[in-house]
Structures are given as C-alpha cells and as structure tokens.
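Enquirer: Could you have a look at this structure, given as structure tokens, before my questions?
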Amino acid sequence: MSAPTQCSLILDHLERGNTLTPLDAFTLFNCLALHSRIAELRSRGFDIACEMVKTPSGKFVGQYSLPLRVAYD
C-alpha cells in the first residue's frame with residue numbers, strides 16, 4: 001500500500017468541510033506549494049474556491065475551500 005499523496009490529503013481535508021491556507025498545508029501535510037496542488041485538483045474537475053484572508057501580521061493569503069454540497073431527497 002502506498003502513502004497518500006499531498007493532493008489526496010488536501011482533497012480529504014477540504015471535503016470534510018475544512019479550509020486550508022498555505023501555512024495550514026505546510027503544518028498538516030508538509031506541502032510547500034499549495035497553489036500547485038490546488039491547480040492539480042482543479043484540473044481534475046474539483047471546484048475549489050479561494051478567498052483572500054488577512055493574517056494577524058497583516059499579510060493576505062489565499063484560503064481554499066470546497067463549496068458546500070446540498071443533498072436533495
């Protein structure tokens with residue numbers, strides 16, 4: 001069995017309803033190029049949103065998320 005890829009870990013994290021910033025990605029998944037992993041996931045058809053958020057230091061970073069899916073009966 002192979003280890004999970006960064007893309008699969010990131011996708012799982014987002015599918016659980018969590019958001020992800022570059023610092024989160026580094027801390028959680030040792031991922032230094034979150035924008036590249038997001039681009040890979042988008043190229044596979046995932047609709048990943050990005051919102052610019054301000055950090056406590058005043059810097060703006062991208063915060064990624066998946067739109068909520070509404071299930072209909």
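In the structure tokens, the first chain shown is A, the next is B, and so on; residue numbers restart at 1 for each chain, and ligands run from 1 in the order shown.
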Neighbouring residues of Pro22 in chain A were defined as those with any atom within 10 Å, considering only C-alpha atoms; residues of the same chain fewer than 4 positions away were excluded. Please report them as a list in words.

Expert: Phe26, Thr27, Leu28, Asn30, Cys31, Leu32, Ala33, Leu34, His35, Val61, Gly62, Gln63 and Tyr64 of chain A

Enquirer: Those same residues, written as a PDB file, in the first residue's frame with N, CA and C atoms?

Expert:
```pdb
ATOM      1  N   PHE A  26       1.358  23.470   5.000  1.00  0.00           N
ATOM      2  CA  PHE A  26       2.718  23.126   5.412  1.00  0.00           C
ATOM      3  C   PHE A  26       2.696  22.389   6.749  1.00  0.00           C
ATOM      4  N   THR A  27       1.934  22.910   7.694  1.00  0.00           N
ATOM      5  CA  THR A  27       1.869  22.318   9.032  1.00  0.00           C
ATOM      6  C   THR A  27       1.263  20.913   9.002  1.00  0.00           C
ATOM      7  N   LEU A  28       0.174  20.759   8.268  1.00  0.00           N
ATOM      8  CA  LEU A  28      -0.547  19.479   8.264  1.00  0.00           C
ATOM      9  C   LEU A  28       0.062  18.437   7.324  1.00  0.00           C
ATOM     10  N   ASN A  30       3.082  19.016   5.183  1.00  0.00           N
ATOM     11  CA  ASN A  30       4.438  19.320   4.722  1.00  0.00           C
ATOM     12  C   ASN A  30       4.440  19.742   3.247  1.00  0.00           C
ATOM     13  N   CYS A  31       3.416  20.491   2.871  1.00  0.00           N
ATOM     14  CA  CYS A  31       3.234  20.933   1.486  1.00  0.00           C
ATOM     15  C   CYS A  31       3.680  22.381   1.352  1.00  0.00           C
ATOM     16  N   LEU A  32       4.701  22.601   0.533  1.00  0.00           N
ATOM     17  CA  LEU A  32       5.229  23.952   0.326  1.00  0.00           C
ATOM     18  C   LEU A  32       4.617  24.653  -0.885  1.00  0.00           C
ATOM     19  N   ALA A  33       3.909  23.931  -1.733  1.00  0.00           N
ATOM     20  CA  ALA A  33       3.354  24.504  -2.964  1.00  0.00           C
ATOM     21  C   ALA A  33       1.857  24.220  -3.044  1.00  0.00           C
ATOM     22  N   LEU A  34       1.105  24.763  -2.092  1.00  0.00           N
ATOM     23  CA  LEU A  34      -0.331  24.515  -2.054  1.00  0.00           C
ATOM     24  C   LEU A  34      -1.004  24.959  -3.345  1.00  0.00           C
ATOM     25  N   HIS A  35      -0.599  26.105  -3.874  1.00  0.00           N
ATOM     26  CA  HIS A  35      -1.217  26.593  -5.111  1.00  0.00           C
ATOM     27  C   HIS A  35      -1.075  25.589  -6.253  1.00  0.00           C
ATOM     28  N   VAL A  61      -3.423  36.097   2.428  1.00  0.00           N
ATOM     29  CA  VAL A  61      -3.118  34.780   1.860  1.00  0.00           C
ATOM     30  C   VAL A  61      -4.411  34.163   1.338  1.00  0.00           C
ATOM     31  N   GLY A  62      -4.267  33.218   0.431  1.00  0.00           N
ATOM     32  CA  GLY A  62      -5.424  32.502  -0.080  1.00  0.00           C
ATOM     33  C   GLY A  62      -5.882  31.439   0.910  1.00  0.00           C
ATOM     34  N   GLN A  63      -7.184  31.386   1.116  1.00  0.00           N
ATOM     35  CA  GLN A  63      -7.773  30.351   1.962  1.00  0.00           C
ATOM     36  C   GLN A  63      -8.709  29.537   1.062  1.00  0.00           C
ATOM     37  N   TYR A  64      -8.388  28.269   0.894  1.00  0.00           N
ATOM     38  CA  TYR A  64      -9.103  27.411  -0.045  1.00  0.00           C
ATOM     39  C   TYR A  64     -10.197  26.619   0.656  1.00  0.00           C
TER      40      TYR A  64
END
```

Enquirer: Contacts of His13 in chain A at 12 Å or less, counting only C-alpha atoms, minus same-chain residues fewer than 2 places along, as a PyMOL selection string?

Expert: chain A and resi 6-11+15-21+24-25+28-29+64-66

Enquirer: Output the selection as a PDB file, in the first residue's frame - N, CA and C atoms for each residue.

Expert:
```pdb
ATOM      1  N   GLN A   6      -0.059  14.244  -1.432  1.00  0.00           N
ATOM      2  CA  GLN A   6      -0.467  15.536  -0.887  1.00  0.00           C
ATOM      3  C   GLN A   6      -1.833  15.936  -1.441  1.00  0.00           C
ATOM      4  N   CYS A   7      -2.063  15.675  -2.726  1.00  0.00           N
ATOM      5  CA  CYS A   7      -3.356  16.021  -3.317  1.00  0.00           C
ATOM      6  C   CYS A   7      -4.491  15.275  -2.628  1.00  0.00           C
ATOM      7  N   SER A   8      -4.307  13.996  -2.374  1.00  0.00           N
ATOM      8  CA  SER A   8      -5.383  13.235  -1.734  1.00  0.00           C
ATOM      9  C   SER A   8      -5.611  13.697  -0.301  1.00  0.00           C
ATOM     10  N   LEU A   9      -4.551  14.050   0.402  1.00  0.00           N
ATOM     11  CA  LEU A   9      -4.689  14.554   1.767  1.00  0.00           C
ATOM     12  C   LEU A   9      -5.399  15.914   1.784  1.00  0.00           C
ATOM     13  N   ILE A  10      -5.036  16.769   0.859  1.00  0.00           N
ATOM     14  CA  ILE A  10      -5.654  18.093   0.765  1.00  0.00           C
ATOM     15  C   ILE A  10      -7.126  17.962   0.396  1.00  0.00           C
ATOM     16  N   LEU A  11      -7.429  17.128  -0.585  1.00  0.00           N
ATOM     17  CA  LEU A  11      -8.808  16.933  -1.001  1.00  0.00           C
ATOM     18  C   LEU A  11      -9.655  16.378   0.149  1.00  0.00           C
ATOM     19  N   GLU A  15     -12.856  18.197   1.666  1.00  0.00           N
ATOM     20  CA  GLU A  15     -14.148  17.503   1.598  1.00  0.00           C
ATOM     21  C   GLU A  15     -14.788  17.342   2.977  1.00  0.00           C
ATOM     22  N   ARG A  16     -13.999  17.410   4.017  1.00  0.00           N
ATOM     23  CA  ARG A  16     -14.529  17.341   5.381  1.00  0.00           C
ATOM     24  C   ARG A  16     -15.081  18.696   5.850  1.00  0.00           C
ATOM     25  N   GLY A  17     -15.051  19.689   4.957  1.00  0.00           N
ATOM     26  CA  GLY A  17     -15.604  20.997   5.271  1.00  0.00           C
ATOM     27  C   GLY A  17     -14.610  21.980   5.853  1.00  0.00           C
ATOM     28  N   ASN A  18     -13.343  21.617   5.847  1.00  0.00           N
ATOM     29  CA  ASN A  18     -12.297  22.487   6.383  1.00  0.00           C
ATOM     30  C   ASN A  18     -11.783  23.443   5.313  1.00  0.00           C
ATOM     31  N   THR A  19     -11.194  24.536   5.761  1.00  0.00           N
ATOM     32  CA  THR A  19     -10.487  25.446   4.863  1.00  0.00           C
ATOM     33  C   THR A  19      -8.990  25.160   4.978  1.00  0.00           C
ATOM     34  N   LEU A  20      -8.231  25.723   4.049  1.00  0.00           N
ATOM     35  CA  LEU A  20      -6.801  25.458   4.045  1.00  0.00           C
ATOM     36  C   LEU A  20      -6.042  26.670   3.528  1.00  0.00           C
ATOM     37  N   THR A  21      -5.070  27.133   4.297  1.00  0.00           N
ATOM     38  CA  THR A  21      -4.158  28.196   3.888  1.00  0.00           C
ATOM     39  C   THR A  21      -2.793  27.562   3.620  1.00  0.00           C
ATOM     40  N   ASP A  24      -1.375  26.270   6.850  1.00  0.00           N
ATOM     41  CA  ASP A  24      -2.048  25.033   7.263  1.00  0.00           C
ATOM     42  C   ASP A  24      -1.498  23.845   6.472  1.00  0.00           C
ATOM     43  N   ALA A  25      -1.366  24.030   5.155  1.00  0.00           N
ATOM     44  CA  ALA A  25      -0.899  22.946   4.292  1.00  0.00           C
ATOM     45  C   ALA A  25       0.516  22.513   4.672  1.00  0.00           C
ATOM     46  N   LEU A  28       0.174  20.759   8.268  1.00  0.00           N
ATOM     47  CA  LEU A  28      -0.547  19.479   8.264  1.00  0.00           C
ATOM     48  C   LEU A  28       0.062  18.437   7.324  1.00  0.00           C
ATOM     49  N   PHE A  29       0.504  18.882   6.145  1.00  0.00           N
ATOM     50  CA  PHE A  29       0.889  17.937   5.088  1.00  0.00           C
ATOM     51  C   PHE A  29       2.309  18.130   4.558  1.00  0.00           C
ATOM     52  N   TYR A  64      -8.388  28.269   0.894  1.00  0.00           N
ATOM     53  CA  TYR A  64      -9.103  27.411  -0.045  1.00  0.00           C
ATOM     54  C   TYR A  64     -10.197  26.619   0.656  1.00  0.00           C
ATOM     55  N   SER A  65     -11.274  26.374  -0.099  1.00  0.00           N
ATOM     56  CA  SER A  65     -12.381  25.577   0.422  1.00  0.00           C
ATOM     57  C   SER A  65     -13.145  24.962  -0.744  1.00  0.00           C
ATOM     58  N   LEU A  66     -13.975  23.992  -0.411  1.00  0.00           N
ATOM     59  CA  LEU A  66     -14.896  23.416  -1.383  1.00  0.00           C
ATOM     60  C   LEU A  66     -16.282  23.958  -1.068  1.00  0.00           C
TER      61      LEU A  66
END
```

Enquirer: DSSP on the backbone, then: every residue of chain A marked strand (DSSP E), written as a PyMOL selection string.

Expert: chain A and resi 49-54+60-65

Enquirer: Residues of the last selection are to be written out with N, CA and C atoms, as a PDB file, in the first residue's frame.

Expert:
```
ATOM      1  N   ALA A  49     -12.732  26.821  -4.217  1.00  0.00           N
ATOM      2  CA  ALA A  49     -12.832  28.278  -4.099  1.00  0.00           C
ATOM      3  C   ALA A  49     -11.620  28.819  -3.344  1.00  0.00           C
ATOM      4  N   CYS A  50     -11.308  30.083  -3.613  1.00  0.00           N
ATOM      5  CA  CYS A  50     -10.224  30.752  -2.907  1.00  0.00           C
ATOM      6  C   CYS A  50     -10.701  32.123  -2.453  1.00  0.00           C
ATOM      7  N   GLU A  51     -10.511  32.392  -1.184  1.00  0.00           N
ATOM      8  CA  GLU A  51     -10.848  33.695  -0.608  1.00  0.00           C
ATOM      9  C   GLU A  51      -9.570  34.258   0.007  1.00  0.00           C
ATOM     10  N   MET A  52      -9.318  35.534  -0.246  1.00  0.00           N
ATOM     11  CA  MET A  52      -8.156  36.174   0.353  1.00  0.00           C
ATOM     12  C   MET A  52      -8.509  36.591   1.778  1.00  0.00           C
ATOM     13  N   VAL A  53      -7.700  36.149   2.736  1.00  0.00           N
ATOM     14  CA  VAL A  53      -7.935  36.474   4.147  1.00  0.00           C
ATOM     15  C   VAL A  53      -6.687  37.150   4.710  1.00  0.00           C
ATOM     16  N   LYS A  54      -6.900  38.001   5.687  1.00  0.00           N
ATOM     17  CA  LYS A  54      -5.804  38.739   6.299  1.00  0.00           C
ATOM     18  C   LYS A  54      -5.303  37.978   7.526  1.00  0.00           C
ATOM     19  N   PHE A  60      -1.985  39.160   3.363  1.00  0.00           N
ATOM     20  CA  PHE A  60      -3.136  38.474   2.790  1.00  0.00           C
ATOM     21  C   PHE A  60      -2.682  37.170   2.148  1.00  0.00           C
ATOM     22  N   VAL A  61      -3.423  36.097   2.428  1.00  0.00           N
ATOM     23  CA  VAL A  61      -3.118  34.780   1.860  1.00  0.00           C
ATOM     24  C   VAL A  61      -4.411  34.163   1.338  1.00  0.00           C
ATOM     25  N   GLY A  62      -4.267  33.218   0.431  1.00  0.00           N
ATOM     26  CA  GLY A  62      -5.424  32.502  -0.080  1.00  0.00           C
ATOM     27  C   GLY A  62      -5.882  31.439   0.910  1.00  0.00           C
ATOM     28  N   GLN A  63      -7.184  31.386   1.116  1.00  0.00           N
ATOM     29  CA  GLN A  63      -7.773  30.351   1.962  1.00  0.00           C
ATOM     30  C   GLN A  63      -8.709  29.537   1.062  1.00  0.00           C
ATOM     31  N   TYR A  64      -8.388  28.269   0.894  1.00  0.00           N
ATOM     32  CA  TYR A  64      -9.103  27.411  -0.045  1.00  0.00           C
ATOM     33  C   TYR A  64     -10.197  26.619   0.656  1.00  0.00           C
ATOM     34  N   SER A  65     -11.274  26.374  -0.099  1.00  0.00           N
ATOM     35  CA  SER A  65     -12.381  25.577   0.422  1.00  0.00           C
ATOM     36  C   SER A  65     -13.145  24.962  -0.744  1.00  0.00           C
TER      37      SER A  65
END
```

Enquirer: Tell me which of A:Lys59, A:Ile48, A:Arg37, A:Arg42 sits closest to Leu14 in chain A, counting only C-alpha atoms.

Expert: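 Nearest candidate to Leu14 in chain A out of A:Lys59, A:Ile48, A:Arg37, A:Arg42: A:Ile48.
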
Enquirer: Run DSSP on the backbone and tell me which residues of chain A come out as alpha helix (DSSP H); list them as a CSV table (one decimal) with C-alpha atoms, in the first residue's frame.

Expert:
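Written out: result_21.csv:
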```csv
chain,number,residue,atom,x,y,z
A,6,GLN,CA,-0.5,15.5,-0.9
A,7,CYS,CA,-3.4,16.0,-3.3
A,8,SER,CA,-5.4,13.2,-1.7
A,9,LEU,CA,-4.7,14.6,1.8
A,10,ILE,CA,-5.7,18.1,0.8
A,11,LEU,CA,-8.8,16.9,-1.0
A,12,ASP,CA,-9.9,14.8,2.0
A,13,HIS,CA,-9.3,17.8,4.3
A,14,LEU,CA,-11.4,20.1,2.1
A,15,GLU,CA,-14.1,17.5,1.6
A,22,PRO,CA,-0.5,27.7,2.8
A,23,LEU,CA,0.6,27.7,6.4
A,24,ASP,CA,-2.0,25.0,7.3
A,25,ALA,CA,-0.9,22.9,4.3
A,26,PHE,CA,2.7,23.1,5.4
A,27,THR,CA,1.9,22.3,9.0
A,28,LEU,CA,-0.5,19.5,8.3
A,29,PHE,CA,0.9,17.9,5.1
A,34,LEU,CA,-0.3,24.5,-2.1
A,35,HIS,CA,-1.2,26.6,-5.1
A,36,SER,CA,0.2,23.9,-7.4
A,37,ARG,CA,-1.7,21.1,-5.6
A,38,ILE,CA,-4.9,23.1,-5.8
A,39,ALA,CA,-4.2,23.6,-9.6
A,40,GLU,CA,-3.8,19.9,-10.0
A,41,LEU,CA,-7.1,19.2,-8.2
A,42,ARG,CA,-8.9,21.9,-10.2
A,43,SER,CA,-7.6,20.3,-13.4
```
